[in-house]
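**Q** Handing you a structure now.
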Amino acid sequence: MNYPIAFAVTVALIGYLYYLSLLFVVSYDFLLICIILIPASFLIPSLLREKGLAFSLPKCRGAGNMLILAIGILILTLRFNKQLHRWGDWDAWAIWTLHAKFLFYPEYWSNMFTNKLSGSHPDYPLMLPSLIAFMWRGVGFVTPIVPMIVASLVCVAVPVTLFLALNRFDRRFSAIFSVFVLALDAKFINIAGSQYADTLVAFFILVTFVLYREVKNGSGPTVVFLLAFIAGSTTWVKNEGLLFFLVFSCTFIFFHYRRPETAIRYLAGGLAPVLILMHFKVAFAPENDLINSGRGSDILSMLVNPARYMLIAKHVFVTSINYYWILLVLLAGLVIQRTSFLTTLPFIVFALMLSGYFVIYLTTPNDLDWHLGASLDRLMHHIYPACLYLALFRLSSSSGGRVNMPDYHV
């Protein structure tokens, strides 16, 4: 389970440090040194003090489990490769890799931030473009192979994280089931293969809830810090990540208001992501088309228009039935089992997120039918792996009973 968390931290650090290297005109060689030394500065003291990491987790047991995981990943990879093509889908080459091409050139990267390129959304956060540009700088030239590799790694990281997180608590059947659900899910593979940033958002949200479980099981203060850092890093992937971070942070602090030391550690962990995002938004990012569209009186008419509510409900129903029906089945299973989940932190977080999306759609300046058709499936994709993880954990029980840890409401 350490590996997905380490992968998430590494991805986030590269995304942040590459931006800072451009900002402070730092050489690529020095950037590589920082990427090595910063994690080491946290790792070495923990090893010396505790002879092991405070968030160290047990390894996956049994060669059979790993063989099944390997088979599932092989199936996923074969299906993923059929979806993958040069430079990805529309938003990949029109937004994400276009931004990466600007970031590839340290002398000209800030030329991206102009309203003349408003169609490419230069206000979008820079984690995915930074990852691509970082690797391009490493090989010395721009190549479509790099964004394809990044998309492949993120796609595989999601089911691996699901498998290891469930298997960690001996939910073996659920762990295997989750891998094959994603390996056979055409919509998940289609979005992951598009080379958009949406699967990266889904990965960080999933890791956030995996770490949250560790916090609830009494892990050390390092995990609380990591939890905030990973949750905060969703803001550096897409603008939707900011909504998730705000909702998750407020809910987490509310649930832990009687433990101020936990809240303080959480706020400390989320400080760096927030400061970097704020600097980017204030110093570089142009106006967002949804928030700064100069509207006023028309918003009220949108809010009282029943046709807009009906259209949103229709799209949500059709998208859920067509692409995310497995979550509806699992939700029905929770209801049948009479499992209490309405007052849990994850349910509140997702309910508030969906409410936020609803308000955005209700007041969008774009054509509502087009906006829903172009983005709703990807918004649901953001929370899909995490919902799968949480529901399967609640519906399943320990296979072997060897992980002697207290269960708790998620």
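Just remember, in the structure tokens the first chain shown is A, the second B, etc., residues are 1-based per chain, and ligands are 1-based in the order shown.
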Report the residues of range 84-208 of chain A whose backbone DSSP state falls under alpha helix (DSSP H), written as a PyMOL selection string.
**A** chain A and resi 90-91+97-104+127-139+145-167+172-183+186-193+198-208
**Q** So which residues touch Asp369 in chain A within 12 Å, counting only C-alpha atoms, skipping near sequence neighbours fewer than 2 positions away, as a VMD selection string?
**A** chain A and resid 307 to 316 361 to 362 364 to 367 371 to 376
**Q** Pick out the residues sitting within 8 Å of Phe284 in chain A, and hand them over as a list in words; count only C-alpha atoms, and ignore anything fewer than 6 positions along from it in its own chain.
**A**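 After dropping sequence-adjacent residues, the list is Ser110, Phe113 and Asp123 of chain A.
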**Q** Write out the residues from the selection above, keeping N, CA and C atoms, as a PDB file, in the first residue's frame.
**A**
```pdb
ATOM      1  N   SER A 110       5.459  31.664 -19.676  1.00  0.00           N
ATOM      2  CA  SER A 110       4.417  32.581 -19.203  1.00  0.00           C
ATOM      3  C   SER A 110       3.618  33.196 -20.343  1.00  0.00           C
ATOM      4  N   PHE A 113      -0.329  32.599 -20.635  1.00  0.00           N
ATOM      5  CA  PHE A 113      -1.379  33.225 -19.836  1.00  0.00           C
ATOM      6  C   PHE A 113      -1.871  34.506 -20.494  1.00  0.00           C
ATOM      7  N   ASP A 123      -6.273  29.203 -17.432  1.00  0.00           N
ATOM      8  CA  ASP A 123      -6.468  29.305 -15.981  1.00  0.00           C
ATOM      9  C   ASP A 123      -6.415  27.942 -15.306  1.00  0.00           C
TER      10      ASP A 123
END
```
**Q** Determine the nearest neighbour of Leu78 in chain A from the options A:Ile191, A:Ala40, A:Ala186, A:Ile336, counting only C-alpha atoms.
**A**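 Using only C-alpha atoms, the shortest distance to Leu78 in chain A belongs to A:Ala186.
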**Q** For CA of Phe173 in chain A and CA of Gly193 in chain A, quote the distance in Å rounded to one decimal.
**A** 27.0 Å
**Q** Given only C-alpha atoms as the basis, pick out the residue of A:Gly64, A:Pro306, A:Gly232, A:Pro39 nearest to Ala6 in chain A.
**A**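 Using only C-alpha atoms, Ala6 in chain A sits closest to A:Pro39.
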**Q** Pick the closest to Val9 in chain A from A:Ala175, A:Ile230, A:Met353, A:Leu330: which is it, counting only C-alpha atoms?
**A**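 Closest candidate: A:Ile230.
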**Q** Leaving out Ala231 in chain A and any residue of its chain fewer than 3 positions from it, which residues lie within 10 Å of it when counting only C-alpha atoms, given as a ChimeraX atom specification?
**A** /A:201,204-209,211-212,226-228,234-235,241-242,244-246,248-249,266,269-270,273
**Q** Between A:Ser178, A:Asn190, A:Gln195, A:Asn81, which has the minimum distance to Ile95 in chain A (counting only C-alpha atoms)?
**A**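 Smallest distance to Ile95 in chain A is found for A:Gln195.
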**Q** Between A:Ala285, A:Val318, A:Val181, A:Ile73, single out the one closest to Asn111 in chain A, counting only C-alpha atoms.
**A**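 For Asn111 in chain A, the nearest of the candidates is A:Ala285.
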**Q** Can you tell me, as a PDB file with N, CA and C atoms, in the first residue's frame, what residues are no more than 12 Å from Trp93 in chain A when counting only C-alpha atoms, ignoring any on the same chain fewer than 3 positions away?
**A**
```pdb
ATOM      1  N   HIS A  85      -4.251   6.848 -28.390  1.00  0.00           N
ATOM      2  CA  HIS A  85      -3.754   7.246 -29.695  1.00  0.00           C
ATOM      3  C   HIS A  85      -2.943   8.528 -29.574  1.00  0.00           C
ATOM      4  N   ARG A  86      -2.228   8.840 -30.630  1.00  0.00           N
ATOM      5  CA  ARG A  86      -1.276   9.941 -30.641  1.00  0.00           C
ATOM      6  C   ARG A  86      -1.917  11.255 -30.202  1.00  0.00           C
ATOM      7  N   TRP A  87      -1.353  11.877 -29.169  1.00  0.00           N
ATOM      8  CA  TRP A  87      -1.760  13.167 -28.612  1.00  0.00           C
ATOM      9  C   TRP A  87      -3.134  13.156 -27.942  1.00  0.00           C
ATOM     10  N   GLY A  88      -3.779  12.011 -27.816  1.00  0.00           N
ATOM     11  CA  GLY A  88      -5.014  11.913 -27.056  1.00  0.00           C
ATOM     12  C   GLY A  88      -6.220  12.508 -27.755  1.00  0.00           C
ATOM     13  N   ASP A  89      -7.300  12.712 -26.978  1.00  0.00           N
ATOM     14  CA  ASP A  89      -8.533  13.282 -27.515  1.00  0.00           C
ATOM     15  C   ASP A  89      -8.456  14.811 -27.525  1.00  0.00           C
ATOM     16  N   TRP A  90      -9.579  15.443 -27.829  1.00  0.00           N
ATOM     17  CA  TRP A  90      -9.621  16.892 -28.093  1.00  0.00           C
ATOM     18  C   TRP A  90      -8.961  17.710 -26.982  1.00  0.00           C
ATOM     19  N   TRP A  96      -4.207  20.266 -22.423  1.00  0.00           N
ATOM     20  CA  TRP A  96      -3.189  19.768 -21.505  1.00  0.00           C
ATOM     21  C   TRP A  96      -1.805  19.681 -22.133  1.00  0.00           C
ATOM     22  N   THR A  97      -1.683  19.066 -23.298  1.00  0.00           N
ATOM     23  CA  THR A  97      -0.355  18.989 -23.909  1.00  0.00           C
ATOM     24  C   THR A  97       0.058  20.326 -24.519  1.00  0.00           C
ATOM     25  N   LEU A  98      -0.920  21.147 -24.900  1.00  0.00           N
ATOM     26  CA  LEU A  98      -0.587  22.497 -25.352  1.00  0.00           C
ATOM     27  C   LEU A  98       0.057  23.295 -24.220  1.00  0.00           C
ATOM     28  N   HIS A  99      -0.524  23.210 -23.027  1.00  0.00           N
ATOM     29  CA  HIS A  99       0.080  23.872 -21.870  1.00  0.00           C
ATOM     30  C   HIS A  99       1.464  23.309 -21.581  1.00  0.00           C
ATOM     31  N   ALA A 100       1.601  21.994 -21.715  1.00  0.00           N
ATOM     32  CA  ALA A 100       2.903  21.365 -21.466  1.00  0.00           C
ATOM     33  C   ALA A 100       3.963  21.872 -22.442  1.00  0.00           C
ATOM     34  N   LYS A 101       3.569  22.138 -23.686  1.00  0.00           N
ATOM     35  CA  LYS A 101       4.527  22.655 -24.667  1.00  0.00           C
ATOM     36  C   LYS A 101       5.023  24.043 -24.273  1.00  0.00           C
ATOM     37  N   SER A 120      -8.149  27.572 -24.782  1.00  0.00           N
ATOM     38  CA  SER A 120      -7.340  26.488 -24.214  1.00  0.00           C
ATOM     39  C   SER A 120      -7.335  26.520 -22.683  1.00  0.00           C
ATOM     40  N   PRO A 129       0.288  19.189 -17.065  1.00  0.00           N
ATOM     41  CA  PRO A 129       1.274  19.765 -17.985  1.00  0.00           C
ATOM     42  C   PRO A 129       2.688  19.784 -17.413  1.00  0.00           C
ATOM     43  N   PRO A 144       4.976  12.590 -28.320  1.00  0.00           N
ATOM     44  CA  PRO A 144       3.662  12.147 -27.820  1.00  0.00           C
ATOM     45  C   PRO A 144       3.748  10.924 -26.921  1.00  0.00           C
ATOM     46  N   PRO A 147       3.076  11.926 -22.821  1.00  0.00           N
ATOM     47  CA  PRO A 147       1.708  11.961 -22.265  1.00  0.00           C
ATOM     48  C   PRO A 147       1.013  10.608 -22.312  1.00  0.00           C
ATOM     49  N   MET A 148       1.379   9.764 -23.263  1.00  0.00           N
ATOM     50  CA  MET A 148       0.808   8.418 -23.306  1.00  0.00           C
ATOM     51  C   MET A 148       1.286   7.596 -22.110  1.00  0.00           C
ATOM     52  N   SER A 194      -7.971   9.039 -22.762  1.00  0.00           N
ATOM     53  CA  SER A 194      -8.116  10.318 -23.462  1.00  0.00           C
ATOM     54  C   SER A 194      -6.936  11.246 -23.223  1.00  0.00           C
ATOM     55  N   GLN A 195      -6.119  10.940 -22.192  1.00  0.00           N
ATOM     56  CA  GLN A 195      -4.974  11.763 -21.789  1.00  0.00           C
ATOM     57  C   GLN A 195      -5.418  13.100 -21.191  1.00  0.00           C
ATOM     58  N   TYR A 196      -6.643  13.130 -20.646  1.00  0.00           N
ATOM     59  CA  TYR A 196      -7.117  14.286 -19.897  1.00  0.00           C
ATOM     60  C   TYR A 196      -6.605  14.183 -18.455  1.00  0.00           C
ATOM     61  N   ALA A 197      -6.919  15.196 -17.658  1.00  0.00           N
ATOM     62  CA  ALA A 197      -6.472  15.218 -16.260  1.00  0.00           C
ATOM     63  C   ALA A 197      -7.476  14.566 -15.315  1.00  0.00           C
TER      64      ALA A 197
END
```
**Q** Between A:Glu261, A:Phe255, A:Gly140, A:Val282, which one has atoms that come closest to Thr344 in chain A, using only C-alpha atoms?
**A** A:Phe255
**Q** List the neighbours of Asp298 in chain A out to 12 Å using only C-alpha atoms; skip same-chain residues closer than 4 positions along the sequence, and give me the result as a list of chain:residue names.
**A**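 These residues fall inside the cut-off: A:Ser293, A:Gly294, A:Met302, A:Leu303, A:Val304, A:Asn305, A:Leu362, A:Thr363, A:Thr364, A:Pro365.
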**Q** May I have the selected residues written with N, CA, C and O atoms, as a PDB file, in the first residue's frame?
**A**
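Below is the file result-v8.pdb, written as the result:
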```pdb
ATOM      1  N   SER A 293     -17.769  35.703 -15.559  1.00  0.00           N
ATOM      2  CA  SER A 293     -18.407  35.915 -16.854  1.00  0.00           C
ATOM      3  C   SER A 293     -19.197  37.219 -16.916  1.00  0.00           C
ATOM      4  O   SER A 293     -19.880  37.479 -17.894  1.00  0.00           O
ATOM      5  N   GLY A 294     -19.122  38.048 -15.863  1.00  0.00           N
ATOM      6  CA  GLY A 294     -19.772  39.345 -15.878  1.00  0.00           C
ATOM      7  C   GLY A 294     -21.284  39.282 -15.879  1.00  0.00           C
ATOM      8  O   GLY A 294     -21.954  40.185 -16.371  1.00  0.00           O
ATOM      9  N   MET A 302     -32.120  31.783 -14.138  1.00  0.00           N
ATOM     10  CA  MET A 302     -31.672  30.395 -14.247  1.00  0.00           C
ATOM     11  C   MET A 302     -32.097  29.587 -13.017  1.00  0.00           C
ATOM     12  O   MET A 302     -32.511  28.436 -13.132  1.00  0.00           O
ATOM     13  N   LEU A 303     -31.977  30.206 -11.841  1.00  0.00           N
ATOM     14  CA  LEU A 303     -32.287  29.510 -10.598  1.00  0.00           C
ATOM     15  C   LEU A 303     -33.760  29.157 -10.468  1.00  0.00           C
ATOM     16  O   LEU A 303     -34.110  28.185  -9.783  1.00  0.00           O
ATOM     17  N   VAL A 304     -34.621  29.904 -11.102  1.00  0.00           N
ATOM     18  CA  VAL A 304     -36.064  29.659 -10.970  1.00  0.00           C
ATOM     19  C   VAL A 304     -36.643  28.993 -12.214  1.00  0.00           C
ATOM     20  O   VAL A 304     -37.866  28.880 -12.336  1.00  0.00           O
ATOM     21  N   ASN A 305     -35.788  28.538 -13.103  1.00  0.00           N
ATOM     22  CA  ASN A 305     -36.252  27.892 -14.332  1.00  0.00           C
ATOM     23  C   ASN A 305     -36.351  26.390 -14.123  1.00  0.00           C
ATOM     24  O   ASN A 305     -35.333  25.695 -14.057  1.00  0.00           O
ATOM     25  N   LEU A 362     -26.414  24.681 -12.974  1.00  0.00           N
ATOM     26  CA  LEU A 362     -27.635  25.487 -12.962  1.00  0.00           C
ATOM     27  C   LEU A 362     -27.363  26.917 -13.415  1.00  0.00           C
ATOM     28  O   LEU A 362     -28.220  27.564 -14.027  1.00  0.00           O
ATOM     29  N   THR A 363     -26.165  27.422 -13.148  1.00  0.00           N
ATOM     30  CA  THR A 363     -25.839  28.824 -13.447  1.00  0.00           C
ATOM     31  C   THR A 363     -24.798  28.970 -14.557  1.00  0.00           C
ATOM     32  O   THR A 363     -24.242  30.047 -14.730  1.00  0.00           O
ATOM     33  N   THR A 364     -24.499  27.893 -15.273  1.00  0.00           N
ATOM     34  CA  THR A 364     -23.470  27.969 -16.306  1.00  0.00           C
ATOM     35  C   THR A 364     -23.844  28.960 -17.406  1.00  0.00           C
ATOM     36  O   THR A 364     -24.996  29.000 -17.851  1.00  0.00           O
ATOM     37  N   PRO A 365     -22.873  29.743 -17.884  1.00  0.00           N
ATOM     38  CA  PRO A 365     -23.156  30.647 -19.011  1.00  0.00           C
ATOM     39  C   PRO A 365     -23.169  29.923 -20.354  1.00  0.00           C
ATOM     40  O   PRO A 365     -23.596  30.491 -21.355  1.00  0.00           O
TER      41      PRO A 365
END
```
